[in-house]
$ cat start_13.cif   # mmCIF, C-alpha atoms and all ligand atoms
data_model
loop_
_atom_site.label_atom_id
_atom_site.label_comp_id
_atom_site.auth_asym_id
_atom_site.auth_seq_id
_atom_site.Cartn_x
_atom_site.Cartn_y
_atom_site.Cartn_z
CA MET A 22 -12.65 -246.90 -6.70
CA SER A 23 -16.26 -246.73 -5.46
CA ARG A 24 -17.54 -243.24 -4.62
CA HIS A 25 -19.63 -244.51 -1.75
CA VAL A 26 -19.40 -246.81 1.24
CA ILE A 27 -22.25 -248.98 2.47
CA ARG A 28 -22.26 -250.24 6.03
CA PRO A 29 -24.81 -251.58 8.55
CA PHE A 30 -27.29 -249.06 10.04
CA GLU A 31 -26.30 -247.92 13.55
CA GLU A 32 -28.18 -245.97 16.20
CA ALA A 33 -25.97 -242.90 15.60
CA ASP A 34 -27.31 -242.77 12.02
CA LEU A 35 -30.84 -241.91 13.19
CA PRO A 36 -30.60 -238.07 12.91
CA ALA A 37 -29.11 -238.20 9.40
CA ALA A 38 -31.73 -240.75 8.33
CA ALA A 39 -34.46 -238.47 9.74
CA GLY A 40 -33.12 -235.58 7.65
CA LEU A 41 -33.33 -237.70 4.49
CA LEU A 42 -36.82 -238.91 5.39
CA ALA A 43 -38.05 -235.34 6.00
CA GLU A 44 -36.65 -234.34 2.57
CA ARG A 45 -38.40 -237.28 0.89
CA HIS A 46 -41.66 -236.42 2.60
CA GLN A 47 -41.42 -232.74 1.58
CA GLU A 48 -41.22 -233.88 -2.06
CA HIS A 49 -44.05 -236.38 -1.54
CA ARG A 50 -46.34 -233.70 -0.08
CA LYS A 51 -45.86 -231.54 -3.15
CA ARG A 52 -47.88 -234.21 -4.96
CA HIS A 53 -50.13 -235.14 -2.00
CA PRO A 54 -50.66 -232.21 0.36
CA LEU A 55 -53.18 -234.30 2.33
CA LEU A 56 -50.33 -236.44 3.70
CA PRO A 57 -49.39 -235.30 7.24
CA ALA A 58 -47.32 -232.08 7.29
CA ASP A 59 -45.63 -232.96 10.61
CA TYR A 60 -43.04 -235.28 9.11
CA GLU A 61 -41.55 -232.55 6.97
CA ASP A 62 -39.94 -231.62 10.29
CA GLU A 63 -36.72 -233.59 10.96
CA GLN A 64 -37.51 -233.95 14.67
CA LEU A 65 -40.84 -235.61 13.95
CA ALA A 66 -39.37 -237.67 11.12
CA LEU A 67 -36.83 -238.83 13.73
CA VAL A 68 -39.67 -240.29 15.83
CA GLU A 69 -40.71 -242.45 12.87
CA VAL A 70 -37.20 -243.64 11.90
CA THR A 71 -36.45 -244.37 15.55
CA ALA A 72 -39.62 -246.48 15.76
CA ALA A 73 -38.51 -248.41 12.63
CA TRP A 74 -35.02 -248.92 14.13
CA GLU A 75 -36.39 -250.00 17.53
CA THR A 76 -38.83 -252.54 16.09
CA GLU A 77 -37.81 -256.02 17.23
CA GLY A 78 -35.49 -257.69 14.72
CA ALA A 79 -34.79 -254.47 12.73
CA SER A 80 -31.69 -254.27 10.57
CA GLY A 81 -30.53 -252.30 7.57
CA ALA A 82 -27.81 -250.30 5.88
CA VAL A 83 -26.66 -246.75 5.23
CA MET A 84 -24.80 -245.22 2.31
CA VAL A 85 -21.99 -242.78 3.08
CA GLU A 86 -20.61 -240.44 0.40
CA GLY A 87 -17.80 -238.02 1.25
CA GLY A 88 -18.51 -238.45 4.96
CA GLU A 89 -22.24 -237.68 4.54
CA ILE A 90 -25.09 -240.19 4.87
CA THR A 91 -27.04 -240.03 1.60
CA GLY A 92 -29.35 -243.01 1.96
CA TYR A 93 -30.63 -245.61 4.40
CA LEU A 94 -32.79 -248.74 4.43
CA LEU A 95 -34.34 -250.36 7.51
CA ALA A 96 -36.67 -253.34 7.81
CA ALA A 97 -38.15 -255.59 10.49
CA PRO A 98 -40.31 -258.71 10.54
CA LYS A 99 -44.05 -258.72 11.34
CA GLN A 100 -45.31 -261.45 13.64
CA SER A 101 -48.59 -262.12 11.80
CA PRO A 102 -48.49 -265.42 9.86
CA VAL A 103 -50.50 -263.95 6.95
CA TRP A 104 -47.33 -262.38 5.54
CA GLY A 105 -45.29 -265.58 5.46
CA PRO A 106 -41.61 -265.65 6.54
CA ASN A 107 -41.46 -261.90 6.08
CA ILE A 108 -39.48 -258.69 6.35
CA TRP A 109 -41.14 -255.25 6.03
CA VAL A 110 -39.76 -251.88 5.03
CA GLU A 111 -42.35 -249.44 6.37
CA ALA A 112 -42.99 -245.93 5.05
CA ALA A 113 -40.23 -244.53 7.31
CA GLY A 114 -37.82 -247.36 6.49
CA HIS A 115 -36.02 -245.87 3.52
CA ALA A 116 -34.93 -242.59 1.96
CA VAL A 117 -32.21 -241.90 -0.60
CA ARG A 118 -30.90 -238.77 -2.30
CA GLU A 119 -30.42 -240.78 -5.50
CA PRO A 120 -33.19 -243.36 -6.23
CA GLU A 121 -30.75 -245.77 -7.89
CA HIS A 122 -28.89 -246.12 -4.59
CA ILE A 123 -31.77 -247.99 -2.97
CA ARG A 124 -30.53 -250.94 -5.04
CA ASP A 125 -27.09 -250.80 -3.40
CA LEU A 126 -28.64 -250.48 0.05
CA TYR A 127 -30.97 -253.42 -0.57
CA GLY A 128 -28.05 -255.45 -1.94
CA ALA A 129 -26.22 -254.95 1.35
CA ALA A 130 -29.14 -255.32 3.78
CA ALA A 131 -31.06 -258.17 2.13
CA ALA A 132 -28.27 -260.75 2.53
CA LYS A 133 -29.04 -261.03 6.25
CA TRP A 134 -32.80 -261.04 5.67
CA VAL A 135 -32.57 -263.97 3.28
CA ASP A 136 -29.99 -265.77 5.47
CA ASP A 137 -32.58 -265.46 8.26
CA GLY A 138 -35.16 -267.12 6.00
CA ARG A 139 -37.13 -263.89 5.45
CA ILE A 140 -37.99 -264.52 1.83
CA ALA A 141 -41.41 -262.77 1.68
CA GLN A 142 -40.42 -259.11 1.44
CA TYR A 143 -42.62 -256.00 1.52
CA VAL A 144 -41.88 -252.31 1.11
CA LEU A 145 -44.07 -249.18 1.23
CA VAL A 146 -42.82 -246.80 -1.47
CA PRO A 147 -44.06 -243.24 -2.19
CA ASP A 148 -45.48 -242.78 -5.69
CA ASP A 149 -42.17 -241.42 -6.99
CA PRO A 150 -41.65 -243.00 -10.43
CA ALA A 151 -37.83 -243.11 -10.16
CA LEU A 152 -37.96 -244.79 -6.74
CA ILE A 153 -40.62 -247.26 -7.83
CA ASP A 154 -38.55 -248.06 -10.92
CA ALA A 155 -35.46 -248.74 -8.80
CA TRP A 156 -37.44 -251.11 -6.56
CA PHE A 157 -38.93 -252.81 -9.65
CA ARG A 158 -35.37 -253.50 -10.79
CA LEU A 159 -34.87 -255.34 -7.50
CA ALA A 160 -37.62 -257.73 -8.65
CA PHE A 161 -40.34 -256.14 -6.47
CA GLY A 162 -43.85 -255.87 -7.95
CA SER A 163 -46.95 -253.91 -7.00
CA GLN A 164 -49.29 -255.61 -4.51
CA HIS A 165 -51.35 -252.96 -2.72
CA ALA A 166 -52.38 -249.31 -3.06
CA HIS A 167 -52.83 -246.69 -0.31
CA ALA A 168 -54.91 -243.74 -1.45
CA VAL A 169 -56.52 -240.52 -0.25
CA ARG A 170 -58.92 -237.85 -1.44
CA ALA A 171 -60.39 -234.69 0.06
CA VAL A 172 -63.94 -234.90 1.40
CA PRO A 173 -66.56 -233.64 -1.07
CA ASP A 174 -67.72 -230.07 -0.61
CA SER A 175 -71.24 -230.59 -1.96
CA PRO A 176 -73.83 -233.36 -1.49
CA LEU A 177 -73.51 -236.46 -3.72
CA LEU A 178 -76.76 -238.12 -4.77
CA PRO A 179 -77.13 -241.79 -5.74
CA PRO A 180 -78.69 -242.63 -9.13
CA PRO A 181 -82.55 -242.57 -9.02
CA ASP A 182 -82.95 -246.38 -9.10
CA LEU A 183 -80.74 -246.90 -6.04
CA VAL A 184 -81.56 -246.13 -2.41
CA VAL A 185 -78.65 -245.72 0.01
CA ARG A 186 -79.39 -245.58 3.74
CA ARG A 187 -77.85 -246.40 7.14
CA ALA A 188 -77.99 -250.12 7.97
CA VAL A 189 -80.39 -251.37 10.65
CA ARG A 190 -80.53 -254.59 12.69
CA ALA A 191 -82.95 -256.18 10.20
CA ASP A 192 -80.19 -255.97 7.55
CA ILE A 193 -77.88 -258.33 9.47
CA PRO A 194 -78.47 -261.44 7.28
CA VAL A 195 -77.56 -259.58 4.07
CA LEU A 196 -74.73 -257.63 5.76
CA ALA A 197 -73.23 -260.98 6.81
CA GLU A 198 -73.60 -262.33 3.29
CA LEU A 199 -71.91 -259.21 1.89
CA ASP A 200 -69.04 -259.58 4.39
CA LEU A 201 -68.12 -262.85 2.74
CA GLU A 202 -68.09 -261.33 -0.76
CA LEU A 203 -64.79 -259.48 -0.32
CA PRO A 204 -62.69 -262.48 0.85
CA ARG A 205 -64.53 -264.69 -1.67
CA HIS A 206 -63.62 -262.32 -4.49
CA GLN A 207 -60.04 -261.86 -3.30
CA ARG A 208 -59.43 -265.62 -3.18
CA LEU A 209 -60.08 -265.80 -6.92
CA SER A 210 -57.70 -265.09 -9.79
CA PRO A 211 -55.91 -262.73 -10.20
CA VAL A 212 -55.77 -261.74 -6.50
CA PHE A 213 -55.16 -265.25 -5.05
CA SER A 214 -55.29 -263.84 -1.50
CA SER A 215 -54.90 -266.32 1.35
CA GLY A 216 -57.12 -264.17 3.61
CA GLU A 217 -59.45 -266.02 5.94
CA LEU A 218 -63.03 -266.72 4.79
CA PRO A 219 -65.34 -266.65 7.83
CA THR A 220 -68.49 -268.76 7.89
CA LEU A 221 -71.87 -267.07 7.44
CA GLU A 222 -72.69 -267.91 11.09
CA GLU A 223 -69.51 -266.16 12.28
CA ALA A 224 -70.32 -263.12 10.15
CA VAL A 225 -73.88 -262.98 11.56
CA ALA A 226 -72.54 -263.27 15.13
CA ASP A 227 -70.08 -260.41 14.47
CA TRP A 228 -72.85 -258.17 13.18
CA GLU A 229 -75.16 -259.05 16.12
CA GLU A 230 -72.43 -257.74 18.40
CA SER A 231 -71.30 -254.70 16.39
CA ILE A 232 -74.34 -253.27 14.57
CA ASP A 233 -74.88 -250.56 17.22
CA ASP A 234 -71.22 -249.56 17.47
CA LEU A 235 -71.26 -245.79 16.95
CA ASP A 236 -67.62 -245.75 15.82
CA TYR A 237 -68.64 -247.34 12.53
CA ALA A 238 -71.11 -245.95 9.97
CA THR A 239 -72.59 -248.78 7.92
CA PHE A 240 -74.54 -248.08 4.74
CA VAL A 241 -76.61 -250.35 2.53
CA ALA A 242 -77.72 -249.83 -1.06
CA SER A 243 -80.94 -251.31 -2.37
CA TYR A 244 -82.14 -251.83 -5.89
CA ASN A 245 -85.77 -252.77 -6.61
CA GLY A 246 -86.29 -253.01 -2.86
CA GLU A 247 -83.51 -255.59 -2.29
CA VAL A 248 -80.29 -254.81 -0.43
CA ILE A 249 -77.44 -255.49 -2.88
CA GLY A 250 -74.42 -253.85 -1.27
CA SER A 251 -72.89 -252.32 1.85
CA SER A 252 -70.05 -250.03 2.88
CA ILE A 253 -68.46 -249.03 6.17
CA GLY A 254 -66.89 -245.73 7.18
CA CYS A 255 -64.91 -245.03 10.35
CA SER A 256 -62.04 -242.95 11.65
CA LEU A 257 -58.69 -243.77 10.03
CA ASP A 258 -57.43 -244.29 13.60
CA LYS A 259 -59.28 -247.64 13.53
CA SER A 260 -57.03 -248.97 10.76
CA SER A 261 -53.69 -250.58 11.63
CA ALA A 262 -52.61 -250.48 7.96
CA HIS A 263 -52.13 -246.69 7.77
CA ASN A 264 -49.44 -245.20 10.00
CA GLY A 265 -46.99 -242.36 10.36
CA LEU A 266 -46.12 -240.69 7.07
CA ALA A 267 -48.83 -242.67 5.29
CA LYS A 268 -51.60 -241.52 7.66
CA PRO A 269 -53.26 -238.21 6.71
CA ASP A 270 -54.39 -236.09 9.67
CA ASN A 271 -58.06 -235.96 10.60
CA ALA A 272 -59.09 -238.57 8.04
CA GLY A 273 -62.09 -240.83 7.61
CA PHE A 274 -61.60 -244.35 6.28
CA LEU A 275 -63.52 -246.27 3.65
CA GLY A 276 -62.88 -249.57 5.38
CA PHE A 277 -65.15 -251.95 3.51
CA ALA A 278 -67.49 -252.12 0.55
CA ALA A 279 -69.05 -255.00 -1.34
CA VAL A 280 -71.82 -255.46 -3.86
CA LEU A 281 -73.44 -258.82 -4.61
CA PRO A 282 -71.89 -260.27 -7.80
CA SER A 283 -75.22 -260.17 -9.68
CA ALA A 284 -75.60 -256.42 -9.00
CA ARG A 285 -72.09 -255.18 -9.79
CA GLY A 286 -71.63 -252.49 -12.40
CA LEU A 287 -74.97 -250.76 -11.68
CA GLY A 288 -73.39 -247.88 -9.81
CA ALA A 289 -74.02 -249.24 -6.29
CA GLY A 290 -70.29 -249.37 -5.47
CA ARG A 291 -69.95 -245.71 -6.39
CA ALA A 292 -73.07 -244.76 -4.39
CA LEU A 293 -71.87 -246.70 -1.32
CA GLY A 294 -68.36 -245.20 -1.54
CA GLU A 295 -69.88 -241.74 -1.89
CA ALA A 296 -72.06 -242.34 1.18
CA VAL A 297 -68.84 -242.81 3.18
CA LEU A 298 -67.31 -239.69 1.59
CA GLN A 299 -70.41 -237.72 2.54
CA TRP A 300 -70.48 -239.13 6.07
CA SER A 301 -66.79 -238.22 6.46
CA ALA A 302 -67.49 -234.63 5.39
CA GLN A 303 -70.43 -234.38 7.83
CA THR A 304 -68.36 -235.87 10.66
CA GLY A 305 -65.76 -233.14 10.15
CA TYR A 306 -62.92 -235.09 8.57
CA THR A 307 -60.70 -233.33 6.03
CA SER A 308 -59.96 -236.33 3.84
CA VAL A 309 -60.86 -239.98 3.30
CA VAL A 310 -58.37 -242.82 2.96
CA THR A 311 -58.82 -246.24 1.45
CA ASP A 312 -56.61 -249.05 0.17
CA TRP A 313 -56.93 -251.95 -2.21
CA ARG A 314 -55.15 -254.94 -3.65
CA VAL A 315 -53.96 -253.78 -7.07
CA THR A 316 -54.79 -257.22 -8.47
CA ASN A 317 -58.45 -256.76 -7.44
CA LEU A 318 -59.82 -255.82 -10.87
CA LEU A 319 -62.98 -254.36 -9.33
CA SER A 320 -61.83 -252.15 -6.43
CA SER A 321 -58.66 -251.04 -8.28
CA ARG A 322 -60.94 -249.53 -10.93
CA ALA A 323 -63.82 -248.35 -8.76
CA TRP A 324 -61.87 -246.37 -6.10
CA PRO A 325 -59.75 -244.24 -8.46
CA ARG A 326 -63.01 -243.38 -10.29
CA LEU A 327 -64.29 -242.00 -6.99
CA GLY A 328 -61.33 -239.63 -6.89
CA PHE A 329 -58.92 -241.57 -4.67
CA GLN A 330 -55.29 -240.86 -5.55
CA GLN A 331 -52.62 -243.39 -4.78
CA THR A 332 -49.99 -242.11 -2.34
CA PHE A 333 -47.97 -245.23 -1.49
CA HIS A 334 -47.38 -248.50 -3.31
CA ARG A 335 -46.84 -251.63 -1.28
CA LEU A 336 -44.38 -253.68 -3.31
CA HIS A 337 -43.71 -257.36 -2.73
CA ARG A 338 -40.94 -259.79 -3.63
CA LEU A 339 -40.86 -263.51 -2.97
CA ILE A 340 -37.30 -264.86 -3.09
CA GLY A 341 -36.34 -268.31 -4.16
CA HIS A 342 -37.25 -269.10 -7.73
C1 LIG B 1 -65.63 -252.86 -5.71
C2 LIG B 1 -67.17 -252.90 -5.75
C3 LIG B 1 -67.69 -252.57 -4.35
C4 LIG B 1 -67.63 -251.84 -6.75
O1 LIG B 1 -69.03 -251.90 -6.84
P1 LIG B 1 -69.82 -251.87 -8.26
O2 LIG B 1 -71.24 -251.71 -7.95
O3 LIG B 1 -69.40 -253.03 -9.06
O4 LIG B 1 -69.19 -250.53 -8.88
P2 LIG B 1 -69.90 -249.40 -9.78
O5 LIG B 1 -70.81 -250.02 -10.76
O6 LIG B 1 -70.46 -248.36 -8.88
O7 LIG B 1 -68.61 -248.82 -10.52
C5 LIG B 1 -67.70 -248.00 -9.83
C6 LIG B 1 -66.83 -247.26 -10.84
O8 LIG B 1 -65.84 -248.17 -11.36
C7 LIG B 1 -65.87 -248.10 -12.77
N1 LIG B 1 -65.53 -249.40 -13.35
C8 LIG B 1 -66.10 -250.58 -13.05
N2 LIG B 1 -65.53 -251.53 -13.81
C9 LIG B 1 -64.61 -250.93 -14.60
C10 LIG B 1 -63.71 -251.38 -15.61
N3 LIG B 1 -63.66 -252.66 -15.96
N4 LIG B 1 -62.89 -250.49 -16.19
C11 LIG B 1 -62.93 -249.18 -15.83
N5 LIG B 1 -63.78 -248.70 -14.88
C12 LIG B 1 -64.61 -249.57 -14.29
C13 LIG B 1 -67.31 -247.75 -13.11
O9 LIG B 1 -67.42 -247.21 -14.39
C14 LIG B 1 -67.62 -246.75 -12.01
O10 LIG B 1 -67.10 -245.47 -12.32
P3 LIG B 1 -68.11 -244.33 -12.88
O11 LIG B 1 -69.22 -244.22 -11.88
O12 LIG B 1 -67.25 -243.10 -12.91
O13 LIG B 1 -68.55 -244.80 -14.23
C15 LIG B 1 -67.71 -254.28 -6.22
O14 LIG B 1 -67.24 -254.55 -7.53
C16 LIG B 1 -67.38 -255.45 -5.32
O15 LIG B 1 -68.16 -255.81 -4.46
N6 LIG B 1 -66.22 -256.11 -5.53
C17 LIG B 1 -65.84 -257.26 -4.73
C18 LIG B 1 -65.49 -256.86 -3.30
C19 LIG B 1 -64.45 -255.75 -3.31
O16 LIG B 1 -63.49 -255.78 -4.05
N7 LIG B 1 -64.66 -254.75 -2.43
C20 LIG B 1 -63.77 -253.61 -2.30
C21 LIG B 1 -62.86 -253.82 -1.18
S1 LIG B 1 -61.40 -252.84 -1.29
#

$ encode --input "start_13.cif" --output "structure tokens"
Amino acid sequence: MSRHVIRPFEEADLPAAAGLLAERHQEHRKRHPLLPADYEDEQLALVEVTAAWETEGASGAVMVEGGEITGYLLAAPKQSPVWGPNIWVEAAGHAVREPEHIRDLYGAAAAKWVDDGRIAQYVLVPDDPALIDAWFRLAFGSQHAHAVRAVPDSPLLPPPDLVVRRAVRADIPVLAELDLELPRHQRLSPVFSSGELPTLEEAVADWEESIDDLDYATFVASYNGEVIGSSIGCSLDKSSAHNGLAKPDNAGFLGFAAVLPSARGLGAGRALGEAVLQWSAQTGYTSVVTDWRVTNLLSSRAWPRLGFQQTFHRLHRLIGH
């Protein structure tokens, strides 16, 4: 006889799920104290699980052992077409006492998702090796990294042959060119992203409108007098990709960086990333967040070298073959 029962998630399960989520987050913060402390509190964890449950189209399952809820899984679709016919398990969408049990919960909940045609599946998983391993054995693979580091406590200087400065209006043509480099790179193997590639004219028009926006700090790096790269820092509040338990308090955001292909590997990426770290420290942020496609062979190597530590893994599974 099975020791546990799995049944559909119900509204009455929210407090128990919040307790499990708070426990998971307490463990997670032992490794990453920069993650927000609030959600170690069950009442605040409840706000996040309730939001996951109340998202349109949400469904999931709970595990009950000896009358106690020991695991839950909740997911909902995102409207944006970039994710395909999708279902998402957000950071607050799962917590289990025993990592292996996420496989039972998925087994129960995913039948409806696939029946509904939701074959592109995404889940944000804390960097807990046992939990990641259990998701891997559900045929999920790593797609995207969320990462954080503390702001630097002393000034960082670029190498002597590079000049890093704030961008000015006269930089717009090269800033627009650099904007295209990220989607261009990510369309190639092994990222194969389907992200939109704007035209140069669209990128120029965007910069004409936004160059004076004080919410964004744009830096350029030049080598032998030529601008070869750019980076952008802003408040993490500007990013829709970092929420709830995955959103450190009072954080800056390294939102963009690119170096022209011919100038990569000279240290400009490091200098531009460090300019955003420095700006974040001066602005009064405690930490800096960034994220990257793990299949991007350049950013996935550059950002950890700058001290970013991965907190969450976005895993992805495409059903059908
Ligand atoms: C990511 C990018 C901005 C980095 O810029 P760059 O000028 O090439 O990077 P740098 O030369 O400063 O190198 C950065 C760090 O990564 C390390 N690195 C680079 N390639 C590496 C490799 N193959 N293996 C291990 N480390 C590597 C460098 O050694 C350096 O660390 P160090 O300073 O401690 O030695 C640039 O490659 C780029 O424009 N890529 C395409 C667009 C993109 O992916 N943007 C990031 C968006 S998330």

$ residues_around --input "start_13.cif" --residues "region 70-74 of chain A" --least-positions-apart "2" --cutoff "8 Å" --atoms "all atoms listed in the file" --output "ChimeraX atom specification"
/A:32,35,38-39,66-68,76,79-80,95-97,111,113-114

$ residues_near_ligand --input "start_13.cif" --ligand "ligand LIG 1 (chain B)" --cutoff "9 Å" --atoms "only C-alpha atoms and all ligand atoms" --output "ChimeraX atom specification"
/A:199-207,249-252,275-282,284-294,311-314,317-327

$ residues_around --input "start_13.cif" --residues "Ala188 (chain A)" --least-positions-apart "4" --cutoff "6 Å" --atoms "all atoms listed in the file" --output "JSON, numbers by chain"
{"A": [239, 240, 241]}

$ atom_distance --input "start_13.cif" --atom1 "CA of Glu86 (chain A)" --atom2 "CA of Arg24 (chain A)"
6.5 Å

$ atom_distance --input "start_13.cif" --atom1 "CA of Leu56 (chain A)" --atom2 "CA of Pro269 (chain A)"
4.6 Å

$ atom_distance --input "start_13.cif" --atom1 "CA of Asn107 (chain A)" --atom2 "CA of Ile140 (chain A)"
6.1 Å

$ closest_residue --input "start_13.cif" --among "A:Asp136, A:Asp258, A:Glu198, A:Glu247" --to "Ala224 (chain A)" --atoms "all atoms listed in the file"
A:Glu198

$ residues_near_point --input "start_13.cif" --point "(-50.7, -245.4, 6.5)" --cutoff "12 Å" --atoms "only C-alpha atoms" --output "ChimeraX atom specification"
/A:56-57,111-113,145-147,165-169,257-270,272,274,309-312,331-335

$ closest_residue --input "start_13.cif" --among "A:Arg50, A:Arg158, A:Arg28, A:Lys99" --to "Arg124 (chain A)" --atoms "all atoms listed in the file"
A:Arg158

$ residues_near_point --input "start_13.cif" --point "(-71.1, -234.6, 0.9)" --cutoff "6 Å" --atoms "all atoms listed in the file" --output "list of chain:residue names"
A:Pro173, A:Asp174, A:Ser175, A:Pro176, A:Leu177, A:Gln299, A:Ala302

$ closest_residue --input "start_13.cif" --among "A:Pro54, A:Trp109, A:Ala197, A:Ala242" --to "Pro219 (chain A)" --atoms "all atoms listed in the file"
A:Ala197

$ residues_around --input "start_13.cif" --residues "Ile108 (chain A)" --least-positions-apart "6" --cutoff "6 Å" --atoms "only C-alpha atoms" --output "list in words"
Ala97, Pro98, Arg139 and Gln142 of chain A

$ residues_around --input "start_13.cif" --residues "Leu159 (chain A)" --least-positions-apart "6" --cutoff "12 Å" --atoms "all atoms listed in the file" --output "MDAnalysis selection string"
chainID A and resid 121:128 131 142:144 152:153 336:340

$ closest_residue --input "start_13.cif" --among "A:Arg45, A:His25, A:Lys133, A:Arg208" --to "Pro120 (chain A)" --atoms "only C-alpha atoms"
A:Arg45

$ closest_residue --input "start_13.cif" --among "A:Val172, A:Ala37, A:Ile193, A:Ala238" --to "Leu221 (chain A)" --atoms "only C-alpha atoms"
A:Ile193

$ build_atoms --input "start_13.cif" --residues "region 178-192 of chain A" --atoms "N, CA, C and O atoms" --output "short mmCIF file (atom, residue, chain, number, x, y, z; two decimals), keeping the file's coordinate frame"
data_model
loop_
_atom_site.label_atom_id
_atom_site.label_comp_id
_atom_site.auth_asym_id
_atom_site.auth_seq_id
_atom_site.Cartn_x
_atom_site.Cartn_y
_atom_site.Cartn_z
N LEU A 178 -75.48 -237.38 -4.77
CA LEU A 178 -76.76 -238.12 -4.77
C LEU A 178 -76.63 -239.41 -5.55
O LEU A 178 -76.05 -239.43 -6.63
N PRO A 179 -77.18 -240.53 -4.99
CA PRO A 179 -77.13 -241.79 -5.74
C PRO A 179 -78.03 -241.72 -6.97
O PRO A 179 -78.94 -240.89 -7.03
N PRO A 180 -77.79 -242.61 -7.97
CA PRO A 180 -78.69 -242.63 -9.13
C PRO A 180 -80.12 -242.93 -8.70
O PRO A 180 -80.33 -243.56 -7.65
N PRO A 181 -81.15 -242.49 -9.47
CA PRO A 181 -82.55 -242.57 -9.02
C PRO A 181 -83.03 -243.99 -8.71
O PRO A 181 -83.91 -244.17 -7.86
N ASP A 182 -82.44 -245.02 -9.36
CA ASP A 182 -82.95 -246.38 -9.10
C ASP A 182 -82.30 -247.05 -7.89
O ASP A 182 -82.59 -248.21 -7.57
N LEU A 183 -81.40 -246.33 -7.21
CA LEU A 183 -80.74 -246.90 -6.04
C LEU A 183 -81.11 -246.10 -4.79
O LEU A 183 -81.17 -244.88 -4.85
N VAL A 184 -81.34 -246.82 -3.69
CA VAL A 184 -81.56 -246.13 -2.41
C VAL A 184 -80.39 -246.49 -1.51
O VAL A 184 -80.04 -247.66 -1.37
N VAL A 185 -79.75 -245.47 -0.94
CA VAL A 185 -78.65 -245.72 0.01
C VAL A 185 -79.09 -245.16 1.36
O VAL A 185 -79.56 -244.03 1.45
N ARG A 186 -78.97 -245.99 2.39
CA ARG A 186 -79.39 -245.58 3.74
C ARG A 186 -78.49 -246.24 4.77
O ARG A 186 -77.71 -247.15 4.43
N ARG A 187 -78.60 -245.76 6.06
CA ARG A 187 -77.85 -246.40 7.14
C ARG A 187 -78.42 -247.79 7.38
O ARG A 187 -79.63 -248.01 7.29
N ALA A 188 -77.55 -248.75 7.70
CA ALA A 188 -77.99 -250.12 7.97
C ALA A 188 -78.72 -250.20 9.30
O ALA A 188 -78.43 -249.42 10.22
N VAL A 189 -79.68 -251.12 9.39
CA VAL A 189 -80.39 -251.37 10.65
C VAL A 189 -80.28 -252.86 10.98
O VAL A 189 -79.84 -253.66 10.14
N ARG A 190 -80.69 -253.20 12.21
CA ARG A 190 -80.53 -254.59 12.69
C ARG A 190 -81.16 -255.60 11.72
O ARG A 190 -80.61 -256.68 11.51
N ALA A 191 -82.28 -255.23 11.10
CA ALA A 191 -82.95 -256.18 10.20
C ALA A 191 -82.10 -256.50 8.97
O ALA A 191 -82.37 -257.47 8.25
N ASP A 192 -81.06 -255.71 8.71
CA ASP A 192 -80.19 -255.97 7.55
C ASP A 192 -79.11 -257.01 7.84
O ASP A 192 -78.33 -257.37 6.94
#
